[in-house]
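Peer 1: Here it is: the structure, laid out below.
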Amino acid sequence: DAGTNIDQLTIDFDDSTDECRTVNFKVPSDVTSGSTITFRWHWYSAAATSGNTILEIRHNGGVAEGTDPDQALTVVAAAADATQGTAGQITATVWTETLANLGWAANEQVDAEFCRDANNASDTLVGDAKTTGFGVEIPRS
């Protein structure tokens with residue numbers, strides 16, 4: 001997305017078809033027991049000035065050495081989040097889940113997909129959700 005001062009290298013998530021991007025990461029060896037994990041998704045609409053998105057992370061429960069990572073995925077969805085009132089402005093969708101509910105443990109690999117649930121009735125944003133970044137915050141001891 002070419003701007004006047006900077007070109008954004010976005011990933012566009014469609015308004016009518018569920019689309020995902022796969023990521024994987026390691027749970028820190030010093031993860032805080034009983035902690036809350038925070039998910040962040042930064043996105044914007046190039047045209048629409050109203051409407052909500054339904055964003056989610058779909059993940060395996062974390063896999064240890066000697067385990068097949070191709071496990072059934074668990075969905076952790078954010079609440080509906082509205083685009084900003086001006087096209088092109090960043091929306092930061094943030095949601096949380098407990099470490100215990102995620103089923104992750106220290107040193108495990110997590111394979112996941114960040115997805116827009118475009119066919120969800122609460123996803124009303126017309127056009128692409130132009131994503132500039134994802135983040136997973138895992139508290140450490």
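Labels used: A, B, ... for chains in the order of the structure tokens, numbers from 1 for residues in each chain, and numbers from 1 for ligands as shown.
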Taking only region 48-117 of chain A into account, list the residues labelled alpha helix (DSSP H) by DSSP (computed from the backbone), as a PyMOL selection string.
Peer 2: chain A and resi 99-102
Peer 1: If we count only C-alpha atoms, what is near Thr38 (chain A) at a cut-off of 10 Å, once residues fewer than 4 positions away on the same chain are taken out, given as a ChimeraX atom specification?
Peer 2: /A:94-99,135-139
Peer 1: Write to file, as a tab-separated table (two decimals), in the first residue's frame, the residues of the selection just made, with C-alpha atoms.
Peer 2:
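Heads up, here's the output in part33.tsv:
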```tsv
chain	number	residue	atom	x	y	z
A	94	VAL	CA	-6.16	-6.87	21.37
A	95	TRP	CA	-7.46	-9.93	23.19
A	96	THR	CA	-6.20	-12.31	25.87
A	97	GLU	CA	-6.34	-15.90	27.07
A	98	THR	CA	-4.80	-17.67	30.03
A	99	LEU	CA	-1.79	-19.91	29.58
A	135	GLY	CA	2.02	-10.04	18.03
A	136	VAL	CA	1.93	-12.57	20.86
A	137	GLU	CA	3.00	-11.35	24.31
A	138	ILE	CA	4.02	-14.16	26.66
A	139	PRO	CA	4.95	-13.06	30.21
```
Peer 1: Measuring atom to atom with only C-alpha atoms, identify which of A:Ala106, A:Leu55, A:Ala79, A:Leu125 is nearest to Asp30 (chain A).
Peer 2: A:Ala106
Peer 1: Tell me which protein, DNA and RNA residues are within 8 Å of Gln89 (chain A), counting only C-alpha atoms, leaving out same-chain ones fewer than 3 positions away, and put them as a ChimeraX atom specification.
Peer 2: /A:44-45,84,86
Peer 1: Quick one: pull the distance between CA of Ala46 (chain A) and CA of Glu113 (chain A), Å, one decimal.
Peer 2: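 Taking CA of Ala46 (chain A) as the start and CA of Glu113 (chain A) as the end point, the length is 23.3 Å.
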Peer 1: Would you tabulate, counting only C-alpha atoms, all residues of region 87-115 of chain A that have an atom at most 12 Å from an atom of region 4-19 of chain A, showing the closest pair of atoms and their distance in Å to one decimal, sorted by chain then ascending number, as CSV?
Peer 2:
```
residue,atom,partner,partner_atom,distance
A:Gly88,CA,A:Gln8,CA,10.7
A:Ile90,CA,A:Gln8,CA,11.5
A:Glu113,CA,A:Glu19,CA,9.3
A:Phe114,CA,A:Glu19,CA,8.4
A:Cys115,CA,A:Glu19,CA,5.6
```
Peer 1: Between A:Lys26, A:Arg140, A:Arg116, A:Lys130, which one has atoms that come closest to Glu56 (chain A), using only C-alpha atoms?
Peer 2: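 Of A:Lys26, A:Arg140, A:Arg116, A:Lys130, the one nearest Glu56 (chain A), counting only C-alpha atoms, is A:Arg116.
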Peer 1: Measuring between only C-alpha atoms, which one of A:Ile57, A:Val75, A:Val63, A:Asp1 shows the shortest distance to Thr132 (chain A)?
Peer 2: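 The answer is A:Asp1, which sits nearest to Thr132 (chain A).
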Peer 1: Quick one: DSSP strand (DSSP E) residues in region 7-130 of chain A, as a PyMOL selection string?
Peer 2: chain A and resi 11-13+19-26+36-44+52-53+55-59+74-77+81-82+91-98+109-116+129-130
Peer 1: Choose the residue, out of A:Ala112, A:Ala105, A:Ala87, A:Val31, that has the smallest atom-to-atom separation from Gln71 (chain A); count only C-alpha atoms.
Peer 2: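 Closest to Gln71 (chain A), using only C-alpha atoms: A:Ala112.
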Peer 1: Do a neighbour search on Thr124 (chain A) at 12 Å with only C-alpha atoms, toss out local chain neighbours closer than 3 positions, and write the hits as a list in words.
Peer 2: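 So, after excluding close chain neighbours, the residues are Asp14, Asp15, Ser16, Ala48, Thr49, Ser50, Gly51, Asn52, Thr53, Ile54, Leu55, Ala80, Asp81, Ala82, Thr83, Arg116, Asp117, Ala118, Asn119, Asn120, Ala121, Gly127, Asp128 and Ala129 of chain A.
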